[in-house]
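Shown next: work-v8.cif, containing mmCIF, C-alpha atoms.
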```cif
data_data
#
loop_
_atom_site.label_atom_id
_atom_site.label_comp_id
_atom_site.auth_asym_id
_atom_site.auth_seq_id
_atom_site.Cartn_x
_atom_site.Cartn_y
_atom_site.Cartn_z
CA MET A 1 0.00 0.00 0.00
CA THR A 2 1.37 3.41 -0.99
CA SER A 3 1.23 6.08 1.72
CA THR A 4 0.82 9.81 1.35
CA ALA A 5 -1.06 12.64 3.05
CA THR A 6 -3.21 15.05 1.05
CA ILE A 7 -6.07 16.08 3.32
CA THR A 8 -5.95 19.51 4.92
CA THR A 9 -6.99 20.65 8.40
CA PRO A 10 -10.58 21.78 9.04
CA ARG A 11 -11.63 25.36 8.49
CA PRO A 12 -12.45 27.44 11.59
CA VAL A 13 -16.01 27.68 12.85
CA ILE A 14 -17.85 30.87 11.86
CA LEU A 15 -20.50 31.89 14.37
CA ARG A 16 -23.46 31.88 12.04
CA PRO A 17 -26.87 32.04 13.85
CA ALA A 18 -27.22 28.24 13.91
CA ASN A 19 -23.69 27.82 15.28
CA GLN A 20 -24.38 30.49 17.89
CA ARG A 21 -27.52 28.65 18.96
CA ALA A 22 -25.61 25.39 19.27
CA LEU A 23 -23.02 27.19 21.40
CA GLU A 24 -25.75 28.57 23.69
CA LEU A 25 -27.36 25.14 24.10
CA THR A 26 -24.36 22.84 24.39
CA GLY A 27 -21.25 24.98 24.78
CA ARG A 28 -20.07 23.91 21.32
CA PRO A 29 -20.61 25.98 18.14
CA TYR A 30 -21.24 22.89 16.01
CA LEU A 31 -22.82 19.43 16.01
CA SER A 32 -20.92 16.15 16.07
CA PHE A 33 -22.13 12.70 15.16
CA SER A 34 -21.80 11.69 18.80
CA GLN A 35 -24.32 14.38 19.66
CA ILE A 36 -26.62 13.45 16.78
CA TYR A 37 -26.62 9.75 17.67
CA LEU A 38 -27.15 10.43 21.37
CA MET A 39 -30.09 12.76 20.70
CA ARG A 40 -31.69 10.10 18.52
CA ALA A 41 -31.07 7.37 21.11
CA CYS A 42 -32.21 9.25 24.23
CA PRO A 43 -32.99 13.00 24.41
CA LYS A 44 -32.85 12.88 28.21
CA LYS A 45 -29.28 11.58 28.18
CA PHE A 46 -28.39 14.18 25.54
CA SER A 47 -29.67 16.90 27.84
CA LEU A 48 -27.85 15.58 30.89
CA HIS A 49 -24.57 15.24 29.00
CA TYR A 50 -24.49 18.19 26.61
CA VAL A 51 -26.94 20.75 28.06
CA GLU A 52 -26.81 20.28 31.85
CA HIS A 53 -23.22 18.98 31.80
CA ALA A 54 -24.15 16.60 34.59
CA SER A 55 -21.45 14.52 36.25
CA PRO A 56 -21.62 10.86 35.19
CA ALA A 57 -21.77 8.22 37.90
CA PHE A 58 -19.15 5.94 36.33
CA THR A 59 -17.19 5.20 33.18
CA PRO A 60 -18.28 2.11 31.23
CA ALA A 61 -15.36 -0.26 30.67
CA SER A 62 -16.70 -0.82 27.15
CA LEU A 63 -16.05 2.85 26.35
CA ILE A 64 -12.43 2.66 27.50
CA PHE A 65 -11.97 -0.66 25.72
CA GLY A 66 -13.32 0.60 22.41
CA SER A 67 -11.11 3.68 22.56
CA ALA A 68 -8.04 1.53 23.30
CA VAL A 69 -8.69 -0.83 20.37
CA HIS A 70 -9.26 2.21 18.16
CA ALA A 71 -5.92 3.67 19.32
CA ALA A 72 -4.11 0.45 18.40
CA VAL A 73 -5.66 0.45 14.92
CA GLU A 74 -4.74 4.13 14.49
CA THR A 75 -1.17 3.37 15.58
CA HIS A 76 -0.97 0.65 12.92
CA PHE A 77 -1.99 3.00 10.12
CA ARG A 78 0.12 5.93 11.31
CA ALA A 79 3.14 3.64 11.24
CA MET A 80 2.15 2.53 7.75
CA LEU A 81 1.95 6.19 6.70
CA ALA A 82 5.50 6.63 7.99
CA GLY A 83 6.70 3.53 6.14
CA VAL A 84 7.16 1.52 9.34
CA THR A 85 5.80 -1.97 10.01
CA LEU A 86 4.78 -2.61 13.61
CA SER A 87 4.49 -6.04 15.19
CA ALA A 88 1.45 -7.42 16.99
CA GLY A 89 3.35 -6.84 20.23
CA ASP A 90 3.79 -3.17 19.38
CA LEU A 91 0.05 -2.79 18.87
CA HIS A 92 -0.74 -4.72 22.04
CA GLN A 93 1.42 -2.18 23.86
CA ALA A 94 -0.37 0.70 22.12
CA PHE A 95 -3.66 -0.79 23.33
CA ARG A 96 -2.43 -0.98 26.93
CA VAL A 97 -1.00 2.55 26.89
CA ALA A 98 -4.31 3.89 25.56
CA TRP A 99 -6.23 1.90 28.19
CA LYS A 100 -4.13 3.39 30.98
CA GLY A 101 -4.48 6.86 29.49
CA GLN A 102 -8.26 6.55 29.34
CA LYS A 103 -8.35 5.41 32.96
CA ALA A 104 -6.19 8.35 34.02
CA THR A 105 -8.55 10.85 32.37
CA SER A 106 -11.82 9.30 33.56
CA GLU A 107 -12.18 12.00 36.24
CA ASP A 108 -11.56 9.51 39.05
CA LEU A 109 -14.87 7.85 38.26
CA PRO A 110 -15.32 4.16 39.03
CA ILE A 111 -15.08 1.89 36.01
CA LYS A 112 -18.12 -0.31 35.48
CA TYR A 113 -17.42 -3.71 33.97
CA ALA A 114 -19.95 -6.02 32.37
CA LYS A 115 -20.77 -9.28 34.08
CA ASP A 116 -17.84 -11.70 34.21
CA GLN A 117 -15.40 -9.06 32.93
CA ASP A 118 -12.39 -7.35 34.45
CA GLU A 119 -9.34 -5.48 33.18
CA SER A 120 -7.32 -8.65 32.68
CA LYS A 121 -10.02 -10.31 30.59
CA LEU A 122 -10.48 -7.21 28.48
CA ASP A 123 -6.74 -6.98 27.95
CA ASP A 124 -6.75 -10.54 26.63
CA MET A 125 -9.75 -9.80 24.43
CA GLY A 126 -8.06 -6.71 23.02
CA LYS A 127 -4.95 -8.75 22.20
CA ARG A 128 -7.01 -11.34 20.32
CA MET A 129 -8.91 -8.66 18.40
CA ILE A 130 -5.69 -6.93 17.37
CA ASP A 131 -4.18 -10.23 16.20
CA VAL A 132 -7.24 -11.02 14.09
CA PHE A 133 -7.29 -7.50 12.67
CA LEU A 134 -3.61 -7.68 11.64
CA ALA A 135 -4.24 -11.00 9.88
CA SER A 136 -7.20 -9.60 7.93
CA PRO A 137 -7.23 -7.74 4.59
CA ALA A 138 -8.65 -4.72 6.49
CA ALA A 139 -5.16 -4.10 7.90
CA GLN A 140 -3.66 -3.73 4.41
CA PRO A 141 -6.06 -1.73 2.20
CA ALA A 142 -5.19 -1.94 -1.47
CA GLY A 143 -4.43 1.62 -2.48
CA THR A 144 -2.85 4.88 -1.44
CA LEU A 145 -3.30 6.09 2.12
CA LEU A 146 -4.62 9.66 2.15
CA GLY A 147 -5.49 10.41 5.76
CA ILE A 148 -5.85 9.05 9.30
CA GLU A 149 -8.10 10.57 11.97
CA GLU A 150 -8.78 13.58 9.78
CA GLU A 151 -11.11 16.28 11.13
CA PHE A 152 -13.62 17.96 8.85
CA MET A 153 -16.01 20.84 9.48
CA ILE A 154 -18.78 21.32 6.95
CA THR A 155 -21.90 23.44 6.47
CA ILE A 156 -24.57 21.21 4.95
CA ASP A 157 -27.40 23.73 5.35
CA PRO A 158 -27.35 27.40 6.45
CA ALA A 159 -30.15 26.62 8.91
CA LEU A 160 -28.07 23.96 10.65
CA PRO A 161 -24.95 24.21 12.80
CA ASP A 162 -21.73 23.11 11.16
CA ILE A 163 -21.02 19.39 11.46
CA LEU A 164 -17.69 18.29 12.93
CA ALA A 165 -16.47 14.82 12.08
CA LYS A 166 -13.28 12.85 12.60
CA VAL A 167 -12.74 10.30 9.84
CA ASP A 168 -10.82 7.18 10.84
CA LEU A 169 -9.22 6.37 7.48
CA VAL A 170 -9.28 7.63 3.90
CA TYR A 171 -7.50 5.89 1.05
CA GLU A 172 -7.55 5.86 -2.74
CA SER A 173 -8.26 2.52 -4.39
CA ALA A 174 -8.09 1.78 -8.10
CA GLY A 175 -11.65 2.96 -8.63
CA ALA A 176 -12.73 5.13 -5.70
CA ILE A 177 -11.89 7.27 -2.68
CA ILE A 178 -12.66 5.04 0.30
CA VAL A 179 -13.74 6.51 3.62
CA ARG A 180 -13.60 3.93 6.38
CA ASP A 181 -14.88 3.92 9.96
CA PHE A 182 -13.84 1.32 12.54
CA LYS A 183 -16.28 -0.07 15.11
CA THR A 184 -16.02 -2.56 17.97
CA SER A 185 -19.13 -4.63 18.59
CA ARG A 186 -20.29 -7.46 20.80
CA SER A 187 -21.42 -9.35 17.70
CA LYS A 188 -21.30 -9.17 13.92
CA TRP A 189 -23.37 -6.47 12.27
CA ASN A 190 -26.26 -7.45 10.06
CA PRO A 191 -27.15 -5.42 6.94
CA GLU A 192 -29.88 -3.57 8.88
CA LYS A 193 -27.33 -2.34 11.43
CA ALA A 194 -25.09 -1.02 8.66
CA VAL A 195 -28.04 0.83 7.09
CA GLU A 196 -29.05 2.21 10.49
CA SER A 197 -25.54 3.60 11.03
CA ALA A 198 -24.94 4.71 7.44
CA ASP A 199 -25.60 8.43 8.03
CA GLN A 200 -22.15 8.86 9.52
CA ILE A 201 -20.28 7.36 6.55
CA ILE A 202 -22.56 9.03 3.99
CA LEU A 203 -21.90 12.46 5.47
CA TYR A 204 -18.17 11.72 5.58
CA GLY A 205 -18.45 10.97 1.88
CA ARG A 206 -20.15 14.33 1.38
CA MET A 207 -17.26 15.99 3.19
CA LEU A 208 -14.81 14.43 0.74
CA ARG A 209 -16.70 15.66 -2.32
CA ASP A 210 -14.10 18.24 -3.36
CA LEU A 211 -11.27 15.71 -3.02
CA SER A 212 -13.32 13.19 -4.98
CA ARG A 213 -13.96 15.64 -7.81
CA GLY A 214 -10.34 16.70 -7.95
CA MET A 215 -9.23 13.08 -8.30
CA ASN A 216 -12.12 12.23 -10.64
CA LYS A 217 -13.19 9.25 -8.55
CA PRO A 218 -16.40 8.49 -6.64
CA VAL A 219 -16.49 8.16 -2.85
CA GLN A 220 -17.27 4.77 -1.32
CA GLY A 221 -17.96 4.17 2.37
CA GLU A 222 -16.95 1.20 4.51
CA PHE A 223 -17.53 0.09 8.08
CA VAL A 224 -14.90 -2.24 9.51
CA VAL A 225 -16.40 -4.05 12.51
CA LEU A 226 -14.17 -5.85 15.02
CA THR A 227 -16.20 -8.23 17.17
CA LYS A 228 -15.55 -8.70 20.87
CA ALA A 229 -15.71 -12.47 21.21
CA LYS A 230 -13.67 -15.53 22.16
CA SER A 231 -12.96 -15.86 18.44
CA PRO A 232 -13.03 -12.27 17.13
CA GLN A 233 -13.98 -11.56 13.54
CA VAL A 234 -13.42 -8.65 11.18
CA GLN A 235 -16.24 -7.50 8.90
CA VAL A 236 -15.98 -5.03 6.04
CA LEU A 237 -19.40 -3.63 5.12
CA ASP A 238 -19.86 -1.39 2.08
CA VAL A 239 -21.90 1.80 2.39
CA PRO A 240 -22.91 3.41 -0.92
CA VAL A 241 -22.47 7.19 -0.98
CA THR A 242 -25.09 8.50 -3.41
CA PRO A 243 -26.71 11.91 -3.94
CA GLU A 244 -30.00 10.47 -2.70
CA GLY A 245 -28.33 9.07 0.40
CA ILE A 246 -26.69 12.43 1.11
CA ARG A 247 -30.04 14.19 0.75
CA ARG A 248 -31.73 11.77 3.18
CA THR A 249 -28.89 12.13 5.66
CA GLN A 250 -29.08 15.92 5.59
CA GLU A 251 -32.85 15.80 6.11
CA SER A 252 -32.41 13.41 9.03
CA ILE A 253 -29.84 15.69 10.68
CA ALA A 254 -32.19 18.66 10.19
CA THR A 255 -34.96 16.73 11.95
CA THR A 256 -32.64 15.89 14.84
CA TRP A 257 -31.59 19.54 15.16
CA GLN A 258 -35.23 20.64 15.31
CA ALA A 259 -35.75 18.16 18.14
CA VAL A 260 -32.79 19.71 19.98
CA LEU A 261 -34.26 23.20 19.53
CA ALA A 262 -37.61 21.96 20.87
CA ALA A 263 -35.81 20.90 24.08
CA ASN A 264 -38.22 18.05 24.71
CA TRP A 265 -35.82 16.04 26.81
CA TYR A 266 -37.86 12.87 27.20
CA PRO A 267 -36.24 9.59 28.30
CA ALA A 268 -36.16 6.71 25.83
CA PRO A 269 -35.47 3.60 27.93
CA SER A 270 -34.11 0.49 26.26
CA PRO A 271 -32.48 -2.64 27.74
CA MET A 272 -29.30 -2.16 25.73
CA ASN A 273 -28.75 1.56 26.41
CA CYS A 274 -29.95 1.87 29.99
CA SER A 275 -27.78 -0.93 31.38
CA THR A 276 -24.62 1.09 30.66
CA CYS A 277 -26.02 4.61 31.08
CA GLN A 278 -23.84 6.79 33.32
CA TYR A 279 -26.83 9.02 34.14
CA LYS A 280 -29.33 6.29 35.04
CA SER A 281 -29.68 7.50 38.64
CA ARG A 282 -30.81 10.91 37.34
CA CYS A 283 -33.34 9.56 34.87
CA PRO A 284 -37.02 9.94 35.90
CA VAL A 285 -37.74 6.45 34.59
CA PHE A 286 -35.48 4.94 37.29
CA SER A 287 -35.23 7.65 39.95
CA GLY A 288 -38.95 8.25 40.31
CA ALA A 289 -38.42 12.00 39.87
#
```
Representation of the structure as structure tokens:
Amino acid sequence: MTSTATITTPRPVILRPANQRALELTGRPYLSFSQIYLMRACPKKFSLHYVEHASPAFTPASLIFGSAVHAAVETHFRAMLAGVTLSAGDLHQAFRVAWKGQKATSEDLPIKYAKDQDESKLDDMGKRMIDVFLASPAAQPAGTLLGIEEEFMITIDPALPDILAKVDLVYESAGAIIVRDFKTSRSKWNPEKAVESADQIILYGRMLRDLSRGMNKPVQGEFVVLTKAKSPQVQVLDVPVTPEGIRRTQESIATTWQAVLAANWYPAPSPMNCSTCQYKSRCPVFSGA
């Protein structure tokens, strides 16, 4: 794989009215996909985290774990960009360093582990996931590396705040500009899950439109899913980036922003989300408030 770097840094935020409103509501003059996804999942948690800036009760171990795996993958590709080949042991160490760094910055909050998990077991799981990743084609994309962890800021509609995104990996294949996002998951994704999460990749593709036009190649999206299991697997799921998909994504973000402006911070309980929610004790569904 050829390595180069061609993507520039993001432009500064201009305090248009929509950006100013976002700043007043959340303390940030833009929207991120983390905010968009959280608002869609549970407006009450969005309010507690971004509007009230409430203190969380704990840090989920899954959050630290995912960030540490992501750091190891990033380390692999940054070394590749520099023309250096790292061993599995090097990436295991990068995982552990990132884990310790996340713990150190968790605001002295207790770490909440899932049932039958502890730091040692997660360390072993991370090692197995990294080994499987390195042995997979996803670790050696066929093409020219263009960017790693690149930040973009884009205005998709004057009525909306700017959107900030950090793209995990961008590379040029023989026929397209590929934008890739890495996920860790308890199990393999089905096609419905990829469609449900496609907004993120589609908008990333929109952000790369100028680069795509300059290189006269279309943009293609990919999710790479690393499963947390005794026998981890690596999935590569294609996400088409089409004009229609971009239009739907922009409309969906506009709907989410209108919900933020309405400030209807209702709870949306679900077995999957509530079990790891750091604000559960402050939720009226569970606190009786």
Give as a compact mmCIF listing (two decimals) with C-alpha atoms, in the coordinates of the input the residues that the PyMOL selection byres ((chain A and resi 241) around 9) matches when applied to the coordinates above.
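Dumped everything to part09.txt:
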```
# COMPACT_ATOMS: atom_id res chain seq x y z
CA ILE A 201 -20.28 7.36 6.55
CA ILE A 202 -22.56 9.03 3.99
CA LEU A 203 -21.90 12.46 5.47
CA GLY A 205 -18.45 10.97 1.88
CA ARG A 206 -20.15 14.33 1.38
CA PRO A 218 -16.40 8.49 -6.64
CA VAL A 219 -16.49 8.16 -2.85
CA GLN A 220 -17.27 4.77 -1.32
CA GLY A 221 -17.96 4.17 2.37
CA VAL A 239 -21.90 1.80 2.39
CA PRO A 240 -22.91 3.41 -0.92
CA THR A 242 -25.09 8.50 -3.41
CA PRO A 243 -26.71 11.91 -3.94
CA GLU A 244 -30.00 10.47 -2.70
CA GLY A 245 -28.33 9.07 0.40
CA ILE A 246 -26.69 12.43 1.11
```
Item to complete: Give me the residues within 8 Å of region 276-285 of chain A as a ChimeraX atom specification, counting all atoms listed in the file and dropping any in the same chain fewer than 5 places off.
Response: /A:44-45,48,55-60,267,269
Item to complete: Excluding region 20-34 of chain A and any residue of its chain fewer than 5 positions from it, enumerate the residues within 7 Å of it, using only C-alpha atoms, and give them as a list in words.
Response: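 Skipping anything fewer than 5 positions along the chain leaves Leu15, Tyr50, Val51, Pro161, Asp162, Ile163, Leu164, Ala165 and Gln200 of chain A.
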Could you give me, as a tab-separated table, a per-residue list for region 206-261 of chain A showing, wherever an atom lies at most 9 Å from an atom of region 130-147 of chain A, the closest pair of atoms and their distance in Å to one decimal, using only C-alpha atoms and sorting by chain then residue number from low to high?
```
residue	atom	partner	partner_atom	distance
A:Val224	CA	A:Ala138	CA	7.4
A:Leu226	CA	A:Phe133	CA	7.5
A:Ser231	CA	A:Val132	CA	8.7
A:Pro232	CA	A:Val132	CA	6.7
A:Gln233	CA	A:Val132	CA	6.8
A:Val234	CA	A:Phe133	CA	6.4
A:Gln235	CA	A:Ala138	CA	8.4
A:Val236	CA	A:Ala138	CA	7.4
```
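Distance annotation: of A:Asp108, A:Asp124, A:Glu172, A:Asp199, the residue with the minimal separation from Ala229 (chain A) is A:Asp124; atom set is all atoms listed in the file.
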Response to the item:
In terms of only C-alpha atoms, the residue from A:Ala88, A:Leu63, A:Ile36, A:Ile154 at minimal distance from Ala114 (chain A) is A:Leu63
Excluding same-chain residues fewer than 5 positions from region 39-43 of chain A, what lies within 8 Å of it counting all atoms listed in the file, as a compact mmCIF listing (two decimals) with C-alpha atoms, in the coordinates of the input?
```
# COMPACT_ATOMS: atom_id res chain seq x y z
CA THR A 256 -32.64 15.89 14.84
CA VAL A 260 -32.79 19.71 19.98
CA ASN A 264 -38.22 18.05 24.71
CA TRP A 265 -35.82 16.04 26.81
CA TYR A 266 -37.86 12.87 27.20
CA PRO A 267 -36.24 9.59 28.30
CA ALA A 268 -36.16 6.71 25.83
CA PRO A 269 -35.47 3.60 27.93
```
Show me, as AutoDock Vina command-line options, the centre and edge lengths in Å to one decimal of the axis-aligned box that covers every listed atom of region 89-94 of chain A with 5 Å on each side.
```
--center_x 1.5 --center_y -3.1 --center_z 21.4 --size_x 14.5 --size_y 17.5 --size_z 15.0
```
